[in-house]
file structure_23.cif (mmCIF, C-alpha atoms)
data_structure
#
loop_
_atom_site.label_atom_id
_atom_site.label_comp_id
_atom_site.auth_asym_id
_atom_site.auth_seq_id
_atom_site.Cartn_x
_atom_site.Cartn_y
_atom_site.Cartn_z
CA MET O 1028 38.20 19.14 -64.53
CA LEU O 1029 36.54 20.79 -67.52
CA PRO O 1030 37.78 24.29 -68.42
CA ARG O 1031 35.59 27.26 -67.68
CA VAL O 1032 33.69 28.53 -70.71
CA THR O 1033 35.40 31.71 -71.87
CA THR O 1034 34.64 34.29 -74.53
CA THR O 1035 36.86 35.00 -77.51
CA SER O 1036 37.49 38.66 -76.81
CA ALA O 1037 37.19 41.27 -74.10
CA ALA O 1038 34.37 42.82 -76.14
CA HIS O 1039 32.26 39.77 -75.42
CA SER O 1040 32.50 39.58 -71.65
CA VAL O 1041 30.11 37.42 -69.67
CA THR O 1042 28.11 40.37 -68.36
CA GLU O 1043 28.00 42.13 -71.74
CA SER O 1044 26.77 39.00 -73.50
CA ASP O 1045 24.24 38.48 -70.75
CA ARG O 1046 22.84 41.97 -71.14
CA LYS O 1047 22.67 41.66 -74.93
CA HIS O 1048 21.33 38.16 -75.32
CA VAL O 1049 19.85 36.68 -72.12
CA PHE O 1050 16.20 37.37 -71.40
CA HIS O 1051 15.73 37.11 -67.63
CA SER O 1052 12.66 35.84 -65.80
CA TRP O 1053 10.47 38.07 -63.60
CA SER O 1054 12.49 41.16 -64.63
CA ALA O 1055 12.26 44.46 -66.47
CA GLN O 1056 15.21 43.76 -68.72
CA SER O 1057 16.72 47.27 -68.77
CA GLN O 1058 16.59 47.60 -64.98
CA ILE O 1059 18.76 44.65 -63.96
CA ALA O 1060 22.49 44.03 -63.84
CA PRO O 1061 23.07 40.35 -63.00
CA ALA O 1062 26.26 39.64 -61.10
CA GLU O 1063 28.56 36.97 -62.50
CA VAL O 1064 29.09 33.96 -60.27
CA VAL O 1065 32.49 32.36 -60.95
CA SER O 1066 32.75 29.72 -58.24
CA ALA O 1067 30.88 28.16 -55.33
CA GLN O 1068 31.60 25.67 -52.58
CA GLY O 1069 29.52 24.45 -49.67
CA SER O 1070 27.45 27.39 -48.41
CA HIS O 1071 29.39 30.16 -50.19
CA PHE O 1072 29.68 31.55 -53.69
CA GLU O 1073 32.03 34.10 -55.26
CA LEU O 1074 31.45 36.78 -57.87
CA ALA O 1075 33.74 37.90 -60.67
CA ASP O 1076 34.70 41.01 -58.69
CA GLY O 1077 36.06 38.85 -55.87
CA SER O 1078 33.10 39.33 -53.52
CA ARG O 1079 32.32 36.22 -51.49
CA TYR O 1080 28.94 35.57 -49.89
CA LEU O 1081 27.46 33.24 -47.32
CA ASP O 1082 24.31 32.12 -49.06
CA PHE O 1083 21.17 32.43 -46.92
CA SER O 1084 19.01 31.89 -50.02
CA SER O 1085 20.24 28.54 -51.35
CA GLN O 1086 19.87 30.35 -54.70
CA LEU O 1087 16.13 29.70 -55.14
CA VAL O 1088 15.84 27.62 -51.96
CA ASN O 1089 17.08 24.60 -53.88
CA VAL O 1090 20.79 24.07 -53.16
CA ASN O 1091 19.94 21.92 -50.15
CA ILE O 1092 23.07 19.78 -50.31
CA GLY O 1093 25.36 22.79 -50.82
CA TYR O 1094 27.42 23.81 -53.80
CA GLN O 1095 29.75 21.41 -55.63
CA HIS O 1096 29.34 18.43 -53.33
CA PRO O 1097 32.15 16.16 -54.60
CA LYS O 1098 30.14 12.92 -54.41
CA LEU O 1099 27.25 14.42 -56.34
CA VAL O 1100 29.56 15.92 -58.95
CA ALA O 1101 31.28 12.55 -59.36
CA ALA O 1102 27.96 10.74 -59.80
CA ILE O 1103 26.93 13.14 -62.56
CA GLN O 1104 30.30 12.73 -64.28
CA GLU O 1105 30.08 8.93 -64.07
CA GLN O 1106 26.57 8.88 -65.54
CA ALA O 1107 27.59 11.28 -68.32
CA GLY O 1108 30.31 8.87 -69.36
CA ARG O 1109 27.95 5.89 -69.34
CA LEU O 1110 24.55 6.99 -70.71
CA LEU O 1111 23.56 10.60 -71.14
CA THR O 1112 20.04 10.36 -72.48
CA VAL O 1113 17.29 7.92 -73.37
CA SER O 1114 13.60 8.26 -74.19
CA PRO O 1115 11.08 7.96 -71.33
CA ALA O 1116 9.63 4.96 -73.19
CA PHE O 1117 12.69 2.89 -72.24
CA ALA O 1118 13.69 1.67 -68.79
CA ASN O 1119 17.09 2.61 -67.42
CA ASP O 1120 18.81 1.92 -64.14
CA ALA O 1121 19.22 5.54 -63.00
CA ARG O 1122 15.52 6.32 -63.44
CA SER O 1123 14.34 3.08 -61.88
CA GLU O 1124 16.60 3.49 -58.85
CA ALA O 1125 15.63 7.13 -58.33
CA ALA O 1126 11.94 6.20 -58.45
CA ARG O 1127 12.45 3.30 -56.03
CA LEU O 1128 14.32 5.43 -53.51
CA ILE O 1129 11.82 8.30 -53.65
CA ALA O 1130 8.88 5.89 -53.28
CA GLU O 1131 10.55 4.29 -50.26
CA LEU O 1132 10.88 7.71 -48.62
CA ALA O 1133 7.30 8.78 -49.34
CA PRO O 1134 4.57 8.17 -46.75
CA GLY O 1135 1.75 5.66 -47.02
CA ASP O 1136 1.18 3.89 -50.33
CA LEU O 1137 2.65 6.60 -52.56
CA ASP O 1138 4.67 4.14 -54.59
CA SER O 1139 4.91 5.48 -58.17
CA VAL O 1140 6.86 8.45 -59.51
CA PHE O 1141 6.16 10.52 -62.62
CA PHE O 1142 9.30 12.50 -63.39
CA THR O 1143 9.29 16.07 -64.69
CA ASN O 1144 11.94 18.69 -65.39
CA GLY O 1145 10.99 20.90 -62.46
CA GLY O 1146 8.40 21.98 -59.94
CA ALA O 1147 5.93 23.77 -62.22
CA GLU O 1148 5.57 20.70 -64.42
CA ALA O 1149 5.08 18.64 -61.26
CA THR O 1150 2.12 20.73 -60.08
CA GLU O 1151 0.71 20.83 -63.63
CA ASN O 1152 0.70 17.05 -63.84
CA ALA O 1153 -0.57 16.57 -60.30
CA MET O 1154 -3.61 18.71 -61.10
CA ARG O 1155 -4.14 16.80 -64.33
CA MET O 1156 -3.98 13.45 -62.51
CA ALA O 1157 -6.45 14.64 -59.88
CA ARG O 1158 -8.92 15.86 -62.49
CA LEU O 1159 -8.74 12.67 -64.52
CA HIS O 1160 -8.95 10.47 -61.43
CA THR O 1161 -12.03 12.23 -60.02
CA GLY O 1162 -13.72 13.33 -63.23
CA ARG O 1163 -14.01 16.80 -61.68
CA GLN O 1164 -12.43 20.11 -62.72
CA LYS O 1165 -11.96 22.52 -59.83
CA VAL O 1166 -8.69 22.79 -57.90
CA LEU O 1167 -8.56 24.79 -54.65
CA THR O 1168 -5.33 26.55 -53.64
CA THR O 1169 -4.51 29.31 -51.17
CA TYR O 1170 -4.00 32.98 -51.87
CA ARG O 1171 -0.59 32.93 -50.22
CA SER O 1172 0.98 30.39 -52.52
CA TYR O 1173 3.29 29.90 -55.47
CA HIS O 1174 3.00 26.74 -57.59
CA GLY O 1175 5.02 27.60 -60.71
CA ALA O 1176 4.96 29.75 -63.83
CA THR O 1177 3.50 27.50 -66.53
CA ALA O 1178 -0.13 28.02 -67.53
CA GLY O 1179 -1.87 25.81 -64.99
CA ALA O 1180 0.71 26.35 -62.25
CA ILE O 1181 0.54 30.13 -62.43
CA ALA O 1182 -3.27 29.97 -62.39
CA ALA O 1183 -3.03 27.89 -59.22
CA THR O 1184 -0.63 30.41 -57.70
CA GLY O 1185 -2.38 32.77 -55.32
CA GLU O 1186 0.10 35.63 -55.09
CA PRO O 1187 0.50 38.62 -57.47
CA ARG O 1188 2.75 36.86 -59.98
CA ARG O 1189 -0.41 35.29 -61.43
CA TRP O 1190 -2.06 38.63 -62.23
CA ALA O 1191 -0.36 39.25 -65.57
CA SER O 1192 -1.43 35.81 -66.84
CA GLU O 1193 -5.13 36.32 -66.19
CA PRO O 1194 -7.63 35.40 -67.48
CA SER O 1195 -6.04 31.99 -67.27
CA VAL O 1196 -6.77 28.29 -66.97
CA PRO O 1197 -10.33 27.88 -65.64
CA GLY O 1198 -11.32 25.87 -62.60
CA ILE O 1199 -8.95 27.34 -59.99
CA VAL O 1200 -10.51 28.62 -56.75
CA HIS O 1201 -8.44 30.39 -54.11
CA PHE O 1202 -9.08 30.42 -50.38
CA TRP O 1203 -7.34 31.68 -47.23
CA GLY O 1204 -4.95 29.39 -45.41
CA PRO O 1205 -3.86 29.77 -41.76
CA TYR O 1206 -1.53 32.69 -40.88
CA LEU O 1207 -2.07 33.70 -37.27
CA TYR O 1208 0.16 36.80 -37.33
CA ARG O 1209 -2.11 38.34 -40.00
CA SER O 1210 -5.20 36.21 -39.44
CA ALA O 1211 -7.97 36.47 -42.01
CA PHE O 1212 -10.22 34.92 -39.37
CA HIS O 1213 -9.58 37.35 -36.47
CA ALA O 1214 -8.11 34.46 -34.46
CA THR O 1215 -6.15 35.05 -31.27
CA SER O 1216 -4.57 31.61 -30.86
CA GLU O 1217 -3.17 28.77 -32.95
CA GLU O 1218 -6.19 26.66 -32.01
CA GLU O 1219 -8.65 29.32 -33.16
CA GLU O 1220 -6.70 29.90 -36.37
CA CYS O 1221 -6.70 26.19 -37.17
CA ALA O 1222 -10.41 25.68 -36.47
CA ARG O 1223 -11.50 28.81 -38.35
CA ALA O 1224 -9.24 28.11 -41.34
CA LEU O 1225 -10.66 24.59 -41.63
CA GLN O 1226 -14.22 25.93 -41.41
CA HIS O 1227 -13.39 28.46 -44.12
CA LEU O 1228 -12.18 25.63 -46.36
CA ARG O 1229 -15.33 23.65 -45.63
CA ASP O 1230 -17.46 26.69 -46.49
CA THR O 1231 -15.54 27.27 -49.71
CA ILE O 1232 -16.07 23.67 -50.79
CA MET O 1233 -19.75 23.95 -49.88
CA VAL O 1234 -20.41 27.01 -52.02
CA GLU O 1235 -18.26 25.75 -54.91
CA GLY O 1236 -19.99 22.36 -54.83
CA ALA O 1237 -18.02 19.46 -53.40
CA ALA O 1238 -18.94 17.29 -56.39
CA THR O 1239 -17.09 19.74 -58.68
CA VAL O 1240 -13.81 19.84 -56.69
CA ALA O 1241 -11.04 17.55 -57.91
CA ALA O 1242 -8.26 18.60 -55.55
CA VAL O 1243 -7.01 20.79 -52.76
CA MET O 1244 -3.37 21.68 -53.39
CA LEU O 1245 -1.28 23.10 -50.55
CA GLU O 1246 2.34 23.95 -50.00
CA THR O 1247 2.92 21.86 -46.87
CA VAL O 1248 4.88 24.80 -45.48
CA VAL O 1249 4.14 27.90 -47.54
CA GLY O 1250 7.46 28.96 -49.06
CA THR O 1251 8.09 32.26 -50.82
CA ASN O 1252 4.87 33.75 -49.49
CA GLY O 1253 5.83 33.76 -45.87
CA VAL O 1254 7.20 30.42 -44.56
CA LEU O 1255 3.79 29.76 -43.03
CA VAL O 1256 3.98 26.66 -40.85
CA PRO O 1257 0.56 25.02 -40.51
CA PRO O 1258 -0.83 24.95 -36.96
CA ALA O 1259 -1.18 21.60 -35.25
CA GLY O 1260 -4.16 19.73 -36.63
CA TYR O 1261 -4.59 21.77 -39.80
CA LEU O 1262 -3.17 19.32 -42.34
CA ALA O 1263 -4.98 16.43 -40.64
CA GLY O 1264 -8.17 18.48 -40.85
CA VAL O 1265 -7.68 19.14 -44.56
CA ARG O 1266 -7.05 15.42 -45.08
CA GLU O 1267 -10.33 14.65 -43.29
CA ILE O 1268 -12.28 17.15 -45.38
CA CYS O 1269 -10.84 15.75 -48.61
CA ASP O 1270 -11.67 12.19 -47.60
CA GLU O 1271 -15.21 13.21 -46.71
CA HIS O 1272 -15.85 14.59 -50.20
CA GLY O 1273 -13.68 12.33 -52.37
CA ILE O 1274 -11.23 15.18 -53.08
CA VAL O 1275 -7.58 14.54 -53.91
CA LEU O 1276 -5.08 16.14 -51.52
CA ILE O 1277 -1.94 17.39 -53.30
CA ALA O 1278 1.08 18.39 -51.21
CA ASP O 1279 3.34 20.80 -53.10
CA GLU O 1280 6.71 20.04 -51.51
CA VAL O 1281 8.84 21.55 -54.26
CA MET O 1282 10.42 23.88 -51.71
CA ALA O 1283 9.65 22.18 -48.39
CA GLY O 1284 10.83 18.67 -49.25
CA PHE O 1285 14.13 16.83 -49.09
CA GLY O 1286 15.64 18.14 -45.89
CA ARG O 1287 14.47 21.74 -45.95
CA CYS O 1288 12.11 21.12 -43.01
CA GLY O 1289 14.32 18.49 -41.37
CA GLU O 1290 12.34 15.65 -42.97
CA TRP O 1291 12.40 13.80 -46.27
CA PHE O 1292 8.94 15.22 -46.90
CA ALA O 1293 7.54 17.99 -44.72
CA VAL O 1294 4.20 16.16 -44.33
CA ASP O 1295 6.07 13.59 -42.22
CA ARG O 1296 6.31 16.16 -39.43
CA TRP O 1297 2.53 16.11 -39.07
CA GLY O 1298 1.96 12.43 -39.88
CA VAL O 1299 -0.33 13.19 -42.83
CA THR O 1300 -0.37 11.23 -46.09
CA PRO O 1301 -1.52 13.15 -49.18
CA ASP O 1302 -2.63 11.47 -52.42
CA LEU O 1303 0.02 13.18 -54.51
CA ILE O 1304 3.32 14.86 -53.58
CA CYS O 1305 5.05 17.31 -55.92
CA PHE O 1306 8.83 17.55 -55.56
CA ALA O 1307 11.82 19.19 -57.27
CA LYS O 1308 14.55 21.57 -55.99
CA GLY O 1309 16.06 19.69 -53.03
CA VAL O 1310 15.80 16.21 -54.56
CA ASN O 1311 19.17 16.87 -56.20
CA SER O 1312 19.81 20.51 -55.24
CA GLY O 1313 19.24 21.69 -58.80
CA TYR O 1314 22.51 20.23 -60.04
CA VAL O 1315 20.51 18.93 -63.02
CA PRO O 1316 16.86 19.95 -63.64
CA LEU O 1317 14.51 17.40 -62.06
CA GLY O 1318 11.07 17.27 -60.48
CA GLY O 1319 8.19 14.89 -60.21
CA VAL O 1320 4.97 13.65 -58.66
CA VAL O 1321 4.80 10.78 -56.17
CA ILE O 1322 1.50 8.98 -56.73
CA SER O 1323 -0.75 6.94 -54.45
CA ALA O 1324 -1.71 3.41 -55.42
CA GLU O 1325 -5.35 4.41 -55.93
CA ILE O 1326 -4.56 7.19 -58.37
CA ALA O 1327 -1.93 5.12 -60.17
CA SER O 1328 -4.53 2.37 -60.68
CA THR O 1329 -6.72 4.84 -62.59
CA PHE O 1330 -4.16 4.66 -65.36
CA ALA O 1331 -3.48 0.92 -65.23
CA ASP O 1332 -5.50 0.27 -68.40
CA ARG O 1333 -6.21 3.85 -69.39
CA PRO O 1334 -3.35 5.84 -70.94
CA TYR O 1335 -2.16 8.83 -68.95
CA PRO O 1336 -2.42 11.76 -71.38
CA GLY O 1337 0.79 13.54 -70.46
CA GLY O 1338 4.50 13.26 -70.98
CA LEU O 1339 7.81 15.06 -71.41
CA THR O 1340 10.75 14.39 -73.71
CA TYR O 1341 13.14 14.53 -70.77
CA SER O 1342 10.96 12.81 -68.16
CA GLY O 1343 13.30 10.82 -65.94
CA HIS O 1344 16.43 12.01 -67.73
CA PRO O 1345 19.27 9.62 -66.77
CA LEU O 1346 21.68 12.40 -65.80
CA ALA O 1347 19.11 14.02 -63.53
CA CYS O 1348 18.00 10.73 -61.99
CA ALA O 1349 21.58 9.66 -61.32
CA SER O 1350 22.08 12.91 -59.43
CA ALA O 1351 18.94 12.24 -57.36
CA VAL O 1352 20.17 8.74 -56.47
CA ALA O 1353 23.51 10.14 -55.35
CA SER O 1354 21.88 13.00 -53.44
CA ILE O 1355 19.60 10.69 -51.45
CA GLY O 1356 22.62 8.56 -50.62
CA ILE O 1357 24.54 11.58 -49.39
CA PHE O 1358 21.62 12.71 -47.22
CA LYS O 1359 21.63 9.31 -45.55
CA GLU O 1360 25.41 8.85 -45.25
CA GLU O 1361 26.05 12.33 -43.86
CA GLY O 1362 22.98 12.53 -41.60
CA ILE O 1363 21.81 15.77 -43.17
CA LEU O 1364 18.26 15.56 -41.79
CA GLU O 1365 19.64 15.12 -38.28
CA HIS O 1366 22.08 17.97 -38.90
CA VAL O 1367 19.25 20.32 -39.89
CA ARG O 1368 17.25 19.48 -36.78
CA GLY O 1369 20.26 19.88 -34.49
CA VAL O 1370 21.43 23.23 -35.88
CA GLU O 1371 17.87 24.54 -35.90
CA GLU O 1372 17.41 23.65 -32.25
CA THR O 1373 20.77 24.87 -30.95
CA VAL O 1374 21.64 27.79 -33.23
CA LEU O 1375 19.03 28.93 -35.75
CA ARG O 1376 15.84 29.20 -33.69
CA PRO O 1377 17.43 30.66 -30.54
CA GLY O 1378 19.57 32.98 -32.66
CA LEU O 1379 16.58 34.38 -34.52
CA GLU O 1380 14.61 34.75 -31.30
CA ALA O 1381 17.47 36.77 -29.83
CA ILE O 1382 17.59 38.93 -32.96
CA ALA O 1383 13.85 39.55 -32.69
CA ASP O 1384 14.29 40.75 -29.12
CA ARG O 1385 16.92 43.26 -30.21
CA HIS O 1386 15.25 44.77 -33.28
CA PRO O 1387 11.97 46.72 -33.26
CA SER O 1388 11.66 46.07 -37.02
CA VAL O 1389 11.14 42.34 -36.41
CA GLY O 1390 7.45 41.60 -36.06
CA GLU O 1391 7.64 37.83 -36.02
CA VAL O 1392 10.08 34.96 -36.52
CA ARG O 1393 8.63 31.65 -37.68
CA GLY O 1394 9.75 28.50 -39.40
CA VAL O 1395 10.89 24.91 -39.18
CA GLY O 1396 14.14 23.15 -40.09
CA PHE O 1397 16.29 25.41 -42.28
CA MET O 1398 13.21 27.26 -43.51
CA TYR O 1399 12.55 30.43 -41.49
CA ALA O 1400 11.10 33.87 -42.16
CA VAL O 1401 11.73 37.15 -40.38
CA GLU O 1402 8.73 39.42 -40.91
CA LEU O 1403 9.76 43.08 -40.90
CA VAL O 1404 7.39 45.80 -39.73
CA ARG O 1405 7.28 49.54 -39.17
CA SER O 1406 5.37 49.02 -35.95
CA ARG O 1407 5.13 45.99 -33.72
CA ARG O 1408 2.01 47.48 -32.20
CA THR O 1409 0.05 47.87 -35.46
CA ARG O 1410 1.99 45.19 -37.41
CA GLU O 1411 2.23 47.57 -40.38
CA PRO O 1412 4.62 45.89 -42.87
CA LEU O 1413 7.99 47.52 -43.46
CA VAL O 1414 6.92 47.89 -47.11
CA PRO O 1415 3.42 47.56 -48.59
CA PHE O 1416 2.12 44.34 -50.14
CA ASN O 1417 3.74 43.76 -53.55
CA ALA O 1418 5.66 47.04 -53.25
CA SER O 1419 7.91 48.30 -56.04
CA GLY O 1420 9.86 51.47 -56.81
CA PRO O 1421 10.26 54.03 -54.00
CA ALA O 1422 7.77 52.18 -51.79
CA ALA O 1423 10.13 49.21 -51.67
CA LYS O 1424 13.17 51.29 -50.68
CA PRO O 1425 13.40 50.15 -47.02
CA MET O 1426 13.73 46.52 -48.10
CA ALA O 1427 16.21 47.48 -50.82
CA GLU O 1428 18.33 49.21 -48.19
CA PHE O 1429 18.17 46.14 -45.97
CA VAL O 1430 19.25 43.88 -48.85
CA ALA O 1431 22.16 46.18 -49.64
CA ALA O 1432 23.25 46.08 -46.00
CA CYS O 1433 23.18 42.27 -46.00
CA LYS O 1434 25.37 42.12 -49.10
CA GLU O 1435 27.79 44.68 -47.69
CA ASN O 1436 28.18 42.36 -44.70
CA GLY O 1437 28.88 39.35 -46.94
CA LEU O 1438 25.42 37.75 -46.65
CA TRP O 1439 23.22 36.90 -49.63
CA PRO O 1440 19.57 37.13 -48.49
CA PHE O 1441 16.28 35.82 -49.85
CA VAL O 1442 13.58 38.48 -49.57
CA HIS O 1443 9.94 38.70 -50.62
CA PHE O 1444 7.64 41.63 -49.86
CA ASN O 1445 8.38 42.63 -46.22
CA ARG O 1446 10.17 39.42 -45.24
CA THR O 1447 13.67 38.06 -45.27
CA HIS O 1448 13.90 34.30 -45.29
CA VAL O 1449 16.65 32.27 -43.67
CA VAL O 1450 17.00 29.32 -46.03
CA PRO O 1451 20.69 28.36 -46.30
CA PRO O 1452 21.91 25.02 -47.67
CA CYS O 1453 20.99 22.13 -45.39
CA THR O 1454 24.71 21.38 -45.02
CA THR O 1455 25.47 24.80 -43.51
CA THR O 1456 27.52 24.28 -40.36
CA ALA O 1457 26.64 25.60 -36.93
CA ALA O 1458 29.57 28.01 -37.15
CA GLU O 1459 28.46 29.30 -40.56
CA MET O 1460 24.91 29.69 -39.27
CA ARG O 1461 26.13 31.78 -36.33
CA GLN O 1462 28.19 33.92 -38.69
CA GLY O 1463 25.19 34.45 -40.98
CA LEU O 1464 22.95 35.41 -38.08
CA GLU O 1465 25.53 37.96 -36.96
CA MET O 1466 25.50 39.46 -40.47
CA LEU O 1467 21.70 39.50 -40.46
CA ASP O 1468 21.68 41.09 -37.01
CA ALA O 1469 23.89 43.93 -38.24
CA ALA O 1470 21.85 44.51 -41.41
CA LEU O 1471 18.60 44.81 -39.44
CA ASP O 1472 19.89 48.08 -37.95
CA VAL O 1473 18.99 49.55 -41.35
CA ALA O 1474 15.42 48.25 -41.14
CA ASP O 1475 15.11 49.62 -37.57
CA ARG O 1476 15.55 53.17 -38.93
CA HIS O 1477 12.14 52.88 -40.59
CA THR O 1478 10.20 51.88 -37.48
CA THR O 1479 7.68 54.26 -35.93
CA ASP O 1480 7.19 52.90 -32.40
#
call {"tool": "encode", "arguments": {"input": "structure_23.cif", "output": "structure tokens"}}
result
Amino acid sequence: MLPRVTTTSAAHSVTESDRKHVFHSWSAQSQIAPAEVVSAQGSHFELADGSRYLDFSSQLVNVNIGYQHPKLVAAIQEQAGRLLTVSPAFANDARSEAARLIAELAPGDLDSVFFTNGGAEATENAMRMARLHTGRQKVLTTYRSYHGATAGAIAATGEPRRWASEPSVPGIVHFWGPYLYRSAFHATSEEEECARALQHLRDTIMVEGAATVAAVMLETVVGTNGVLVPPAGYLAGVREICDEHGIVLIADEVMAGFGRCGEWFAVDRWGVTPDLICFAKGVNSGYVPLGGVVISAEIASTFADRPYPGGLTYSGHPLACASAVASIGIFKEEGILEHVRGVEETVLRPGLEAIADRHPSVGEVRGVGFMYAVELVRSRRTREPLVPFNASGPAAKPMAEFVAACKENGLWPFVHFNRTHVVPPCTTTAAEMRQGLEMLDAALDVADRHTTD
């Protein structure tokens, strides 16, 4: 085992060096104090102060296979000793095998893989492929979405993190996706929400000009912005609309793929085949940076004799691809997809439903697989959120108190706006899930103090 990296003197502690030299993402630098993680195993991690947490966040909803899986660690070590890096222009066995396995898992004729270093580069390249394939420029995405932080990806993002980057890449049009609990269409049932959301998309394409639209890009299950599970028939309806107008359908499965929804790809749950699938995160649980785009035969053929004008120095990096090969093998050998479905059915869903019954601060519980959201409200009657949209400072205090209560109980949560998400590693046991739900149950007493009903 390699020794832990240590500093040369007490004056250069990990946290001190971090504060002096590390520039953190999405943060006001003087207002954060990152905790030092010293070890992790399975579904838990430990801080330098000895605190140990059950991780209901999977870090950034990416540690699907759990921390320090010995087979995955061994595969990375073996590849490091054999071939660490090679240019994308060469073939190598790790990259070829990773691409073959991913293509075999993908639906329909999605049979080619363009590798990236992460999810944002995947969505960037998917949009580029769609534009070049169709000869059109516009890409439609939903307001409640996150597609990455690079220039095109943040423009495609619908939520407030895009605001600071505007004006941005042209050609992005946002529309409303289905979300029955806070319906933009005044729907009263899943069927109404589905029909009205599809009509809204049709209307948006009409007024934008179908002949100008290259792609519709959707998170199959909306991730950070609410764990919004599409109603029955919605994805099939979007597929139909895209086919009608020659529009490319891009499924952003960076968060929803590779076991998170109990499937290899979340689209499998609805039997829909997109033209392009973006992946990252769960493909190898972030052990080594890796993402990519799975490409249909039709779109791949566009570049058979025409060069694709895109590339990355580390596209298909051998170390990353070897970890993906090992990860897919582990998913199969250990029945992780079946595990997710079983624990969801017997522990997670009924546990969250029971929690909702007990706490007036819970407005709605929704999700699929190991991807659930608990929407917190001040009033179940009015559905007023526990904190306002995009709240910060004093307005965000109720959620900050809830987060603190979770951590005091030994649970590390994933929160966004007025929601806490239940997104533990896909290897989390039934017993660990019950323990985490008990911790969540206790922490929600703090949120209940802010209710008005």
call {"tool": "resolve_selection", "arguments": {"input": "structure_23.cif", "expression": "the PyMOL selection byres ((chain O and resi 1189) around 12)", "output": "list in words"}}
result
Trp1053, Tyr1170, Arg1171, Ser1172, Tyr1173, His1174, Gly1175, Ala1176, Thr1177, Ala1178, Gly1179, Ala1180, Ile1181, Ala1182, Ala1183, Thr1184, Gly1185, Glu1186, Pro1187, Arg1188, Trp1190, Ala1191, Ser1192, Glu1193, Pro1194, Ser1195, Val1196, Ile1199 and His1201 of chain O
call {"tool": "resolve_selection", "arguments": {"input": "structure_23.cif", "expression": "the PyMOL selection byres ((chain O and resi 1229-1237) around 12)", "output": "ChimeraX atom specification"}}
result
/O:1161,1163-1169,1198-1204,1222-1228,1238-1243,1264-1275
call {"tool": "atom_distance", "arguments": {"input": "structure_23.cif", "atom1": "CA of Glu1246 in chain O", "atom2": "CA of His1448 in chain O"}}
result
16.2 Å
call {"tool": "closest_residue", "arguments": {"input": "structure_23.cif", "among": "O:Arg1155, O:Gly1343, O:Arg1461, O:Leu1317", "to": "Thr1373 in chain O", "atoms": "only C-alpha atoms"}}
result
O:Arg1461
call {"tool": "resolve_selection", "arguments": {"input": "structure_23.cif", "expression": "the PyMOL selection byres ((chain O and resi 1359) around 12)", "output": "list in words"}}
result
Ile1092, Leu1128, Leu1132, Phe1285, Gly1286, Glu1290, Trp1291, Val1352, Ala1353, Ser1354, Ile1355, Gly1356, Ile1357, Phe1358, Glu1360, Glu1361, Gly1362, Ile1363, Leu1364, Glu1365 and His1366 of chain O
call {"tool": "atom_distance", "arguments": {"input": "structure_23.cif", "atom1": "CA of Val1430 in chain O", "atom2": "CA of Leu1081 in chain O"}}
result
13.5 Å
call {"tool": "decode", "arguments": {"input": "structure_23.cif", "residues": "range 1098-1124 of chain O", "atoms": "C-alpha atoms", "output": "compact mmCIF listing (two decimals), in the first residue's frame"}}
result
# COMPACT_ATOMS: atom_id res chain seq x y z
CA LYS O 1098 -11.31 -5.36 -7.02
CA LEU O 1099 -11.50 -1.91 -8.56
CA VAL O 1100 -8.44 -0.71 -6.66
CA ALA O 1101 -6.53 -3.81 -7.81
CA ALA O 1102 -7.51 -3.24 -11.44
CA ILE O 1103 -6.22 0.33 -11.31
CA GLN O 1104 -2.97 -0.81 -9.70
CA GLU O 1105 -2.49 -3.54 -12.32
CA GLN O 1106 -3.06 -1.12 -15.20
CA ALA O 1107 -0.71 1.44 -13.64
CA GLY O 1108 2.05 -1.15 -13.62
CA ARG O 1109 1.42 -2.12 -17.24
CA LEU O 1110 0.59 1.01 -19.26
CA LEU O 1111 -0.30 4.32 -17.67
CA THR O 1112 -0.94 6.55 -20.65
CA VAL O 1113 -1.12 6.58 -24.43
CA SER O 1114 -2.41 9.06 -26.99
CA PRO O 1115 -6.02 8.72 -28.18
CA ALA O 1116 -4.62 8.18 -31.69
CA PHE O 1117 -3.41 4.71 -30.67
CA ALA O 1118 -5.52 1.67 -29.85
CA ASN O 1119 -5.11 -0.01 -26.48
CA ASP O 1120 -6.81 -2.94 -24.85
CA ALA O 1121 -8.29 -1.09 -21.86
CA ARG O 1122 -9.98 1.52 -24.04
CA SER O 1123 -11.23 -0.98 -26.59
CA GLU O 1124 -12.67 -3.27 -23.93
